[in-house]
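Shown next: entry-v1.cif, given as mmCIF, C-alpha atoms and all ligand atoms.
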data_coords
loop_
_atom_site.label_atom_id
_atom_site.label_comp_id
_atom_site.auth_asym_id
_atom_site.auth_seq_id
_atom_site.Cartn_x
_atom_site.Cartn_y
_atom_site.Cartn_z
CA MET W 1 -26.62 -68.52 43.27
CA ILE W 2 -26.30 -65.06 41.80
CA ILE W 3 -25.24 -62.15 43.98
CA GLY W 4 -26.41 -58.81 42.59
CA SER W 5 -29.42 -57.47 40.72
CA GLY W 6 -27.92 -55.30 37.98
CA PRO W 7 -27.85 -56.15 34.25
CA ALA W 8 -25.12 -58.78 34.85
CA GLY W 9 -27.03 -60.52 37.65
CA TYR W 10 -30.41 -60.55 35.90
CA THR W 11 -28.94 -61.74 32.59
CA ALA W 12 -27.07 -64.51 34.40
CA ALA W 13 -30.38 -65.44 36.07
CA ILE W 14 -32.26 -65.57 32.75
CA TYR W 15 -29.66 -67.91 31.24
CA ALA W 16 -29.23 -70.02 34.38
CA ALA W 17 -32.99 -70.44 34.82
CA ARG W 18 -33.47 -71.43 31.20
CA ALA W 19 -30.66 -73.99 31.63
CA ASN W 20 -32.61 -75.49 34.57
CA MET W 21 -30.02 -74.49 37.16
CA HIS W 22 -32.68 -73.16 39.58
CA PRO W 23 -30.95 -69.85 40.32
CA LEU W 24 -31.47 -67.94 43.51
CA LEU W 25 -30.66 -64.24 43.13
CA ILE W 26 -29.76 -62.06 46.11
CA ASP W 27 -30.77 -58.45 45.39
CA GLY W 28 -28.15 -56.57 47.39
CA PRO W 29 -28.47 -53.03 48.71
CA GLN W 30 -29.69 -51.40 45.49
CA GLN W 31 -32.21 -53.46 43.55
CA GLY W 32 -31.55 -52.87 39.84
CA GLY W 33 -27.95 -51.82 40.46
CA GLN W 34 -26.02 -48.73 39.51
CA LEU W 35 -28.09 -48.12 36.39
CA THR W 36 -30.98 -46.97 38.54
CA THR W 37 -28.99 -43.85 39.46
CA THR W 38 -29.26 -42.61 35.87
CA THR W 39 -32.20 -40.73 34.35
CA GLU W 40 -32.97 -42.52 31.12
CA VAL W 41 -31.32 -45.33 29.17
CA GLU W 42 -31.08 -44.69 25.44
CA ASN W 43 -28.17 -46.91 24.42
CA PHE W 44 -29.42 -50.36 25.43
CA PRO W 45 -30.43 -52.19 22.23
CA GLY W 46 -34.11 -53.07 22.01
CA TYR W 47 -35.49 -49.81 23.41
CA PRO W 48 -35.70 -47.52 20.35
CA ASP W 49 -37.49 -44.77 22.29
CA GLY W 50 -35.25 -45.01 25.35
CA VAL W 51 -36.37 -46.44 28.65
CA ASP W 52 -36.61 -45.43 32.27
CA PRO W 53 -33.90 -47.46 34.08
CA PHE W 54 -36.34 -48.78 36.69
CA THR W 55 -38.63 -50.09 33.93
CA MET W 56 -35.71 -51.71 32.16
CA MET W 57 -34.42 -53.42 35.28
CA ASP W 58 -37.93 -54.48 36.20
CA ASP W 59 -38.33 -55.99 32.71
CA MET W 60 -35.11 -57.98 33.23
CA ARG W 61 -36.28 -59.14 36.65
CA ARG W 62 -39.65 -60.30 35.32
CA GLN W 63 -37.90 -62.12 32.48
CA ALA W 64 -35.65 -63.93 34.99
CA GLU W 65 -38.69 -64.71 37.17
CA ARG W 66 -40.65 -66.10 34.24
CA PHE W 67 -38.14 -68.94 33.88
CA GLY W 68 -38.11 -69.74 37.58
CA THR W 69 -35.48 -67.54 39.22
CA GLN W 70 -36.13 -67.10 42.92
CA PHE W 71 -35.29 -63.82 44.59
CA VAL W 72 -34.09 -62.97 48.05
CA SER W 73 -34.15 -59.37 49.27
CA GLY W 74 -31.19 -58.73 51.46
CA ILE W 75 -27.50 -58.11 51.59
CA VAL W 76 -24.84 -60.79 51.50
CA THR W 77 -22.78 -60.33 54.64
CA LYS W 78 -20.45 -63.34 54.53
CA VAL W 79 -19.32 -66.05 52.12
CA GLU W 80 -17.36 -69.25 52.41
CA PHE W 81 -16.13 -70.57 49.09
CA CYS W 82 -14.57 -74.01 48.91
CA GLN W 83 -12.49 -75.95 46.41
CA ARG W 84 -15.49 -77.72 44.87
CA LEU W 85 -14.16 -80.24 42.37
CA THR W 86 -16.75 -83.00 42.71
CA ALA W 87 -20.41 -83.20 43.68
CA ASN W 88 -19.33 -84.71 47.03
CA ASP W 89 -17.30 -81.64 48.04
CA GLN W 90 -18.77 -79.02 50.36
CA PRO W 91 -21.10 -76.52 48.64
CA HIS W 92 -20.31 -72.81 48.63
CA LYS W 93 -21.96 -70.98 51.53
CA VAL W 94 -23.51 -67.53 51.46
CA TRP W 95 -25.04 -65.70 54.41
CA VAL W 96 -27.71 -63.06 53.86
CA ASN W 97 -28.34 -60.33 56.46
CA ASP W 98 -25.92 -62.15 58.82
CA THR W 99 -28.42 -64.88 59.67
CA ASP W 100 -29.80 -66.74 56.65
CA LEU W 101 -27.46 -69.37 55.23
CA TYR W 102 -27.78 -70.49 51.60
CA GLU W 103 -25.71 -73.19 49.91
CA ALA W 104 -24.96 -73.37 46.21
CA ASP W 105 -23.11 -75.51 43.69
CA THR W 106 -22.02 -72.43 41.75
CA VAL W 107 -21.91 -68.73 42.58
CA ILE W 108 -21.93 -65.82 40.16
CA ILE W 109 -20.67 -62.61 41.73
CA ALA W 110 -22.36 -59.65 40.04
CA THR W 111 -22.09 -57.01 42.75
CA GLY W 112 -21.13 -54.15 40.43
CA ALA W 113 -19.18 -51.05 41.28
CA SER W 114 -20.10 -47.75 42.85
CA ALA W 115 -19.08 -44.44 41.34
CA LYS W 116 -17.27 -42.18 43.74
CA TYR W 117 -18.91 -38.85 44.52
CA LEU W 118 -17.47 -35.77 46.20
CA GLY W 119 -19.84 -36.14 49.13
CA LEU W 120 -21.49 -32.71 48.90
CA GLU W 121 -25.00 -32.26 50.23
CA SER W 122 -26.06 -30.42 47.04
CA GLU W 123 -24.59 -33.23 44.93
CA ARG W 124 -26.95 -35.69 46.64
CA GLU W 125 -29.87 -33.31 46.20
CA PHE W 126 -29.34 -33.01 42.43
CA ARG W 127 -28.49 -36.66 41.72
CA GLY W 128 -30.32 -37.57 38.50
CA ARG W 129 -31.24 -33.90 38.02
CA GLY W 130 -28.00 -32.62 36.58
CA VAL W 131 -25.55 -34.75 38.55
CA SER W 132 -24.31 -37.88 36.81
CA ALA W 133 -21.38 -40.26 37.04
CA CYS W 134 -21.69 -41.53 33.46
CA ALA W 135 -21.20 -39.29 30.43
CA THR W 136 -21.92 -42.11 27.98
CA CYS W 137 -25.26 -42.71 29.69
CA ASP W 138 -26.43 -39.15 30.24
CA GLY W 139 -24.36 -36.88 27.99
CA PHE W 140 -26.98 -36.87 25.26
CA PHE W 141 -29.39 -34.94 27.51
CA TYR W 142 -26.94 -32.03 27.56
CA ARG W 143 -26.62 -31.42 23.83
CA LYS W 144 -25.63 -27.81 23.10
CA LYS W 145 -25.47 -27.09 26.83
CA THR W 146 -22.65 -26.31 29.24
CA VAL W 147 -21.38 -29.02 31.57
CA ALA W 148 -18.54 -29.66 34.00
CA VAL W 149 -16.54 -32.84 34.49
CA VAL W 150 -14.64 -33.42 37.74
CA GLY W 151 -11.40 -35.40 37.73
CA GLY W 152 -8.00 -35.45 36.12
CA GLY W 153 -7.60 -39.10 35.16
CA ASP W 154 -8.22 -40.98 31.92
CA THR W 155 -11.93 -41.34 32.61
CA ALA W 156 -12.37 -37.60 33.17
CA CYS W 157 -10.46 -36.75 29.98
CA GLU W 158 -12.36 -39.35 27.98
CA GLU W 159 -15.69 -38.09 29.31
CA ALA W 160 -14.74 -34.45 28.73
CA ASN W 161 -13.87 -35.27 25.12
CA TYR W 162 -17.05 -37.26 24.65
CA LEU W 163 -19.17 -34.45 26.09
CA ALA W 164 -17.34 -31.85 23.98
CA GLY W 165 -18.73 -33.68 20.95
CA LEU W 166 -22.25 -32.98 22.19
CA CYS W 167 -22.11 -29.85 24.33
CA GLU W 168 -21.50 -26.18 23.76
CA LYS W 169 -18.82 -26.02 26.44
CA VAL W 170 -17.16 -28.36 28.92
CA TYR W 171 -15.29 -27.31 32.06
CA LEU W 172 -12.81 -29.88 33.34
CA ILE W 173 -12.41 -29.31 37.08
CA VAL W 174 -9.05 -30.67 38.29
CA ARG W 175 -7.94 -30.42 41.90
CA LYS W 176 -4.21 -30.57 41.17
CA PRO W 177 -2.10 -28.27 38.94
CA PHE W 178 -1.73 -31.14 36.45
CA LEU W 179 -3.67 -34.00 34.87
CA ARG W 180 -3.04 -37.57 35.92
CA ALA W 181 -4.32 -38.98 32.60
CA SER W 182 -2.11 -40.61 29.95
CA ALA W 183 -0.23 -38.21 27.65
CA VAL W 184 -2.42 -38.88 24.64
CA MET W 185 -5.62 -38.21 26.60
CA GLN W 186 -4.17 -35.01 28.06
CA GLU W 187 -3.23 -33.80 24.61
CA ARG W 188 -6.73 -34.46 23.27
CA VAL W 189 -8.31 -32.47 26.08
CA LYS W 190 -5.87 -29.59 25.74
CA GLN W 191 -6.37 -29.42 21.98
CA ASN W 192 -10.15 -29.37 22.20
CA PRO W 193 -11.36 -25.76 21.91
CA LYS W 194 -14.64 -26.56 23.69
CA ILE W 195 -12.87 -27.76 26.86
CA GLU W 196 -11.63 -25.32 29.48
CA ILE W 197 -9.45 -26.89 32.15
CA LEU W 198 -9.75 -25.35 35.59
CA PHE W 199 -6.63 -26.53 37.41
CA GLU W 200 -6.44 -26.32 41.21
CA HIS W 201 -10.19 -25.92 41.50
CA ASN W 202 -12.44 -27.76 43.93
CA THR W 203 -16.22 -27.80 43.85
CA VAL W 204 -17.80 -26.73 47.11
CA GLU W 205 -21.47 -26.45 46.12
CA LEU W 206 -23.92 -27.00 43.29
CA THR W 207 -26.70 -24.49 42.89
CA GLY W 208 -30.03 -24.35 41.01
CA GLU W 209 -33.79 -24.43 41.24
CA GLY W 210 -34.84 -28.10 41.06
CA LYS W 211 -31.88 -28.94 38.78
CA VAL W 212 -28.22 -28.03 38.46
CA GLN W 213 -27.70 -24.51 37.13
CA GLY W 214 -24.32 -23.63 38.57
CA ALA W 215 -21.34 -24.63 40.66
CA THR W 216 -19.33 -22.76 43.24
CA LEU W 217 -15.63 -23.50 43.06
CA VAL W 218 -12.64 -22.67 45.18
CA PHE W 219 -9.50 -21.80 43.25
CA ARG W 220 -6.40 -22.34 45.34
CA LYS W 221 -3.58 -20.15 44.15
CA GLY W 222 -1.33 -21.57 46.81
CA GLU W 223 -1.93 -21.42 50.55
CA PRO W 224 -3.44 -19.36 52.00
CA ASP W 225 -4.62 -17.60 48.84
CA GLU W 226 -8.10 -18.72 47.74
CA GLU W 227 -10.60 -17.34 45.32
CA ILE W 228 -14.28 -18.28 45.08
CA ARG W 229 -15.63 -18.65 41.56
CA HIS W 230 -19.03 -19.41 40.15
CA ILE W 231 -19.67 -21.13 36.83
CA ASN W 232 -23.02 -21.57 35.08
CA ILE W 233 -23.56 -25.18 34.09
CA ASP W 234 -26.46 -27.50 33.20
CA GLY W 235 -24.76 -30.78 34.04
CA PHE W 236 -22.13 -31.93 36.54
CA PHE W 237 -20.31 -35.17 35.75
CA LEU W 238 -18.22 -37.04 38.29
CA ALA W 239 -15.22 -38.94 36.93
CA ILE W 240 -13.15 -39.41 40.05
CA GLY W 241 -13.10 -43.19 39.95
CA HIS W 242 -15.21 -46.19 40.85
CA HIS W 243 -15.02 -48.63 43.70
CA PRO W 244 -15.87 -52.26 42.86
CA ASN W 245 -18.13 -53.87 45.45
CA THR W 246 -15.88 -56.84 46.09
CA ASP W 247 -14.45 -56.40 49.61
CA LEU W 248 -16.66 -59.19 50.91
CA PHE W 249 -14.92 -61.74 48.68
CA LYS W 250 -11.31 -60.65 49.14
CA GLU W 251 -10.32 -63.68 51.20
CA TYR W 252 -11.36 -66.08 48.43
CA VAL W 253 -11.20 -64.31 45.08
CA ALA W 254 -8.09 -62.76 43.51
CA ARG W 255 -8.46 -59.03 42.80
CA ASP W 256 -6.34 -56.31 41.21
CA ALA W 257 -4.92 -53.35 43.13
CA GLU W 258 -8.19 -51.42 42.72
CA GLY W 259 -10.30 -54.33 43.97
CA TYR W 260 -11.66 -55.51 40.58
CA ILE W 261 -12.03 -59.29 40.48
CA LEU W 262 -9.48 -61.00 38.24
CA THR W 263 -10.93 -63.55 35.88
CA ASP W 264 -9.33 -66.11 33.63
CA GLY W 265 -8.80 -64.18 30.39
CA ASN W 266 -11.98 -64.05 28.39
CA SER W 267 -13.69 -66.44 30.82
CA PRO W 268 -15.66 -65.24 33.87
CA GLN W 269 -13.98 -67.90 36.02
CA CYS W 270 -12.48 -66.46 39.25
CA TYR W 271 -9.06 -67.27 40.69
CA ASP W 272 -8.64 -68.57 44.21
CA GLN W 273 -6.92 -65.86 46.26
CA ARG W 274 -5.69 -68.53 48.68
CA LEU W 275 -3.82 -70.26 45.84
CA THR W 276 -2.57 -67.14 44.09
CA THR W 277 1.13 -66.37 44.15
CA ASN W 278 3.18 -63.89 42.14
CA ASP W 279 3.73 -66.30 39.29
CA GLN W 280 0.76 -68.65 39.57
CA ARG W 281 -2.98 -68.39 39.82
CA LEU W 282 -5.32 -71.31 40.32
CA ILE W 283 -9.02 -71.40 39.55
CA LEU W 284 -11.68 -71.29 42.26
CA PRO W 285 -14.02 -73.93 40.82
CA GLY W 286 -17.65 -72.90 40.46
CA VAL W 287 -17.17 -69.21 41.31
CA PHE W 288 -17.63 -66.71 38.49
CA ALA W 289 -17.66 -62.91 38.25
CA ALA W 290 -19.75 -60.82 35.87
CA GLY W 291 -20.34 -57.15 35.22
CA ASP W 292 -18.66 -54.09 36.67
CA CYS W 293 -17.18 -55.88 39.71
CA ALA W 294 -14.70 -57.42 37.26
CA ASP W 295 -14.60 -54.68 34.61
CA PRO W 296 -12.64 -51.47 35.15
CA HIS W 297 -12.81 -50.55 31.47
CA TYR W 298 -16.27 -50.44 29.89
CA ARG W 299 -18.83 -50.06 32.68
CA GLN W 300 -21.80 -50.30 30.33
CA ALA W 301 -25.05 -52.16 31.02
CA ILE W 302 -24.88 -54.03 27.73
CA VAL W 303 -21.33 -55.25 28.47
CA ALA W 304 -22.36 -56.29 31.99
CA ALA W 305 -25.38 -58.16 30.56
CA ALA W 306 -23.15 -59.98 28.08
CA SER W 307 -20.74 -61.02 30.83
CA GLY W 308 -23.68 -62.27 32.92
CA CYS W 309 -24.63 -64.48 29.99
CA LYS W 310 -21.08 -65.83 29.75
CA ALA W 311 -20.94 -66.52 33.49
CA ALA W 312 -24.20 -68.49 33.40
CA ILE W 313 -23.06 -70.57 30.43
CA GLU W 314 -19.75 -71.34 32.16
CA ALA W 315 -21.57 -72.11 35.43
CA ASP W 316 -23.78 -74.57 33.56
CA ARG W 317 -20.73 -76.27 32.01
CA TYR W 318 -19.06 -76.52 35.41
CA PHE W 319 -22.28 -77.79 37.01
CA LYS W 320 -22.61 -80.57 34.43
CA SER W 321 -18.97 -81.55 34.90
CA LEU W 322 -19.45 -82.23 38.63
P1 LIG W 401 -8.12 -42.37 38.39
O1 LIG W 401 -7.99 -42.89 39.77
O2 LIG W 401 -7.00 -42.60 37.43
O3 LIG W 401 -8.30 -40.78 38.44
C1 LIG W 401 -9.19 -40.20 39.32
C2 LIG W 401 -9.08 -38.70 39.17
O4 LIG W 401 -10.07 -38.12 40.02
C3 LIG W 401 -7.72 -38.14 39.59
O5 LIG W 401 -7.37 -37.07 38.77
C4 LIG W 401 -8.00 -37.67 41.01
O6 LIG W 401 -7.23 -36.56 41.39
C5 LIG W 401 -9.44 -37.20 40.89
N1 LIG W 401 -10.10 -37.21 42.17
C6 LIG W 401 -10.24 -38.26 43.03
N2 LIG W 401 -10.94 -37.88 44.11
C7 LIG W 401 -11.26 -36.57 43.92
C8 LIG W 401 -11.97 -35.62 44.67
N3 LIG W 401 -12.50 -35.93 45.85
N4 LIG W 401 -12.09 -34.36 44.18
C9 LIG W 401 -11.56 -34.04 42.98
N5 LIG W 401 -10.88 -34.90 42.20
C10 LIG W 401 -10.72 -36.15 42.68
O7 LIG W 401 -9.52 -42.94 37.88
P2 LIG W 401 -10.06 -43.12 36.38
O8 LIG W 401 -11.47 -43.55 36.51
O9 LIG W 401 -9.78 -41.92 35.57
O10 LIG W 401 -9.20 -44.31 35.80
C11 LIG W 401 -9.19 -45.60 36.43
C12 LIG W 401 -8.27 -46.52 35.65
O11 LIG W 401 -8.83 -46.83 34.37
C13 LIG W 401 -6.90 -45.86 35.35
O12 LIG W 401 -5.92 -46.83 35.42
C14 LIG W 401 -7.06 -45.36 33.94
O13 LIG W 401 -5.81 -45.23 33.28
C15 LIG W 401 -7.95 -46.42 33.33
N6 LIG W 401 -8.73 -45.87 32.20
C16 LIG W 401 -8.21 -45.99 30.95
C17 LIG W 401 -8.89 -45.47 29.88
C18 LIG W 401 -8.29 -45.63 28.53
O14 LIG W 401 -7.19 -46.11 28.42
N7 LIG W 401 -8.99 -45.27 27.48
C19 LIG W 401 -10.17 -44.77 30.02
C20 LIG W 401 -10.60 -44.67 31.37
C21 LIG W 401 -9.89 -45.20 32.41
P3 LIG W 401 -5.67 -36.68 41.75
O15 LIG W 401 -4.96 -36.84 40.47
O16 LIG W 401 -5.44 -35.38 42.43
O17 LIG W 401 -5.55 -37.85 42.67
#
Output the file's structure as structure tokens, nothing else.
Amino acid sequence: MIIGSGPAGYTAAIYAARANMHPLLIDGPQQGGQLTTTTEVENFPGYPDGVDPFTMMDDMRRQAERFGTQFVSGIVTKVEFCQRLTANDQPHKVWVNDTDLYEADTVIIATGASAKYLGLESEREFRGRGVSACATCDGFFYRKKTVAVVGGGDTACEEANYLAGLCEKVYLIVRKPFLRASAVMQERVKQNPKIEILFEHNTVELTGEGKVQGATLVFRKGEPDEEIRHINIDGFFLAIGHHPNTDLFKEYVARDAEGYILTDGNSPQCYDQRLTTNDQRLILPGVFAAGDCADPHYRQAIVAAASGCKAAIEADRYFKSL
């Protein structure tokens, strides 16, 4: 069973189906995953002219279907993972939409992560039309333009630097009077003449006709002093963190402090949370994690796809060992 329909889930399905494992893939709340919130994909190998993310995800789905993957539309609401060491042990149990129970020999968790947004109405309105949560994915569309990045952590600094290599000007909007990023990243941002850091600024609205053309900011000079500012921008990039979609599995699968699933080194094998202590972690047999739910670092479709491939290969090995 594969939970999630992003690049990790579909790739796992293609490999599992071709290995005759009869995968069942549960779509989850957003068929196609996080990638479908972007405008165009230009960095996935094999699409020299770029590709609409819906087309790309649909291609992956059809490829998985061609080899016999079965799909279930719905949301996984409960799981029960067991210590499955032999074929006679209880199977893993997964409930979809609270009511439908499915049992599986192996489970690949590929539930992805969700970028955090500020929660502004205008931000929702312009999503995919100037608002993005991935500079690597969308930065290219803003060549020689002016953009803003929100956040003061390593991701924000990295994205600001990346965008400065493409854009005319980059505003870095930071809510505190300092950056949280590592010293080296801070230095890079401060040294970059194209980046202007706006400390103690908060975005209150995005403006524009059909696409982002500006942002209204509040500059807090210390309570109760406030100043409203307006900047002209073509793109607005969120870099205020991601939340891995793993809460459902927390009873069974070991996670880091941010909620990313911990896997066994280079292997997609999950650890059993119930058998995890400070100095020891034990494997949860037959449960694997792939893609952004276990990857706080890269968050790229191609990396997620590769980890889906690894998870399916490992699942096949485990399956044959039962
Ligand atoms: P972080 O949690 O480190 O930083 C999030 C940033 O967003 C903070 O500056 C935070 O502000 C700000 N923020 C959060 N919510 C809001 C909001 N509502 N409005 C405005 N600003 C907000 O997340 P990152 O994604 O940057 O990093 C995650 C982890 O990954 C970190 O451990 C980081 O070190 C690591 N990483 C490492 C990289 C590298 O080594 N090359 C690259 C990228 C990430 P505040 O500071 O006020 O809380």
Tell me, as a list in words, which residues lie within 9 Å of Ala135 of chain W, counting all atoms listed in the file; anything in the same chain fewer than 6 positions away does not count. Val149, Glu159, Ala160, Tyr162, Leu163, Phe237, Leu238 and Ala239 of chain W
May I have the selected residues written with C-alpha atoms, as a PDB file, in the coordinates of the input?
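selection10.pdb was written with the following content:
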ATOM      1  CA  VAL W 149     -16.540 -32.840  34.490  1.00  0.00           C
ATOM      2  CA  GLU W 159     -15.690 -38.090  29.310  1.00  0.00           C
ATOM      3  CA  ALA W 160     -14.740 -34.450  28.730  1.00  0.00           C
ATOM      4  CA  TYR W 162     -17.050 -37.260  24.650  1.00  0.00           C
ATOM      5  CA  LEU W 163     -19.170 -34.450  26.090  1.00  0.00           C
ATOM      6  CA  PHE W 237     -20.310 -35.170  35.750  1.00  0.00           C
ATOM      7  CA  LEU W 238     -18.220 -37.040  38.290  1.00  0.00           C
ATOM      8  CA  ALA W 239     -15.220 -38.940  36.930  1.00  0.00           C
TER       9      ALA W 239
END
Find the residues around segment 77-79 of chain W up to 10 Å (only C-alpha atoms counted), leave out those fewer than 6 positions away in its own chain, and share them as a list in words.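 The contact residues come out as Gly28, His92, Lys93, Val94, Trp95, Val96, Asn97, Asp98, Thr99, Asp100, Leu101, Tyr102, Glu103, Leu248, Phe249, Glu251 and Tyr252 of chain W.
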Check the smallest atom-to-atom distance from each of W:Ile228, W:Ala164, W:Cys157, W:Ile233 to ligand LIG 401 (chain W) using all atoms listed in the file, then report the winner.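 Among the listed residues, the smallest separation from ligand LIG 401 (chain W) belongs to W:Cys157.
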Kindly compute an axis-aligned box around the listed atoms of ligand LIG 401 (chain W), allowing 4 Å on each side, and express its centre and edge lengths in Å to one decimal as JSON.
{"center_x": -8.7, "center_y": -40.4, "center_z": 36.7, "size_x": 15.5, "size_y": 20.8, "size_z": 26.4}
Using all atoms listed in the file, which protein or nucleic acid residues come within 9 Å of segment 80-87 of chain W? Drop anything in the same chain fewer than 3 positions from it, and give the result as a PyMOL selection string. chain W and resi 90-95+105-107+249+252-253+272+283-287+319+321-322
For atom CA of Ile231 of chain W and atom CA of Thr216 of chain W, determine how far apart the two atoms are, in Å to one decimal place.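 The value is 6.6 Å.
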Contacts of Glu65 of chain W within 12 Å, all atoms listed in the file, excl. fewer than 2 positions in-chain, as a PDB file with C-alpha atoms, keeping the file's coordinate frame:
ATOM      1  CA  TYR W  10     -30.410 -60.550  35.900  1.00  0.00           C
ATOM      2  CA  THR W  11     -28.940 -61.740  32.590  1.00  0.00           C
ATOM      3  CA  ALA W  12     -27.070 -64.510  34.400  1.00  0.00           C
ATOM      4  CA  ALA W  13     -30.380 -65.440  36.070  1.00  0.00           C
ATOM      5  CA  ILE W  14     -32.260 -65.570  32.750  1.00  0.00           C
ATOM      6  CA  TYR W  15     -29.660 -67.910  31.240  1.00  0.00           C
ATOM      7  CA  ALA W  16     -29.230 -70.020  34.380  1.00  0.00           C
ATOM      8  CA  ALA W  17     -32.990 -70.440  34.820  1.00  0.00           C
ATOM      9  CA  ARG W  18     -33.470 -71.430  31.200  1.00  0.00           C
ATOM     10  CA  HIS W  22     -32.680 -73.160  39.580  1.00  0.00           C
ATOM     11  CA  PRO W  23     -30.950 -69.850  40.320  1.00  0.00           C
ATOM     12  CA  LEU W  24     -31.470 -67.940  43.510  1.00  0.00           C
ATOM     13  CA  LEU W  25     -30.660 -64.240  43.130  1.00  0.00           C
ATOM     14  CA  ASP W  58     -37.930 -54.480  36.200  1.00  0.00           C
ATOM     15  CA  ASP W  59     -38.330 -55.990  32.710  1.00  0.00           C
ATOM     16  CA  MET W  60     -35.110 -57.980  33.230  1.00  0.00           C
ATOM     17  CA  ARG W  61     -36.280 -59.140  36.650  1.00  0.00           C
ATOM     18  CA  ARG W  62     -39.650 -60.300  35.320  1.00  0.00           C
ATOM     19  CA  GLN W  63     -37.900 -62.120  32.480  1.00  0.00           C
ATOM     20  CA  PHE W  67     -38.140 -68.940  33.880  1.00  0.00           C
ATOM     21  CA  GLY W  68     -38.110 -69.740  37.580  1.00  0.00           C
ATOM     22  CA  THR W  69     -35.480 -67.540  39.220  1.00  0.00           C
ATOM     23  CA  GLN W  70     -36.130 -67.100  42.920  1.00  0.00           C
ATOM     24  CA  PHE W  71     -35.290 -63.820  44.590  1.00  0.00           C
ATOM     25  CA  VAL W  72     -34.090 -62.970  48.050  1.00  0.00           C
TER      26      VAL W  72
END
Would you kindly return, as a list in words, each protein, DNA or RNA residue with an atom no farther than 10 Å from any atom of Arg229 of chain W, considering all atoms listed in the file and excluding same-chain residues fewer than 2 positions away?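 The neighbour list is His201, Asn202, Thr203, Ala215, Thr216, Leu217, Val218, Phe219, Glu226, Glu227 and Ile231 of chain W.
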Expected selection as a VMD selection string for ligand LIG 401 (chain W) within 9 Å, all atoms listed in the file: chain W and resid 116 to 119 150 to 159 173 to 182 185 201 to 203 238 to 242 258 296 to 298
Distance atom CA of Gly208 of chain W-atom CA of Thr146 of chain W, one decimal place? 14.0 Å
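With atom CA of Gln300 of chain W on one side and atom CA of Ala113 of chain W on the other, the separation reads 11.3 Å.
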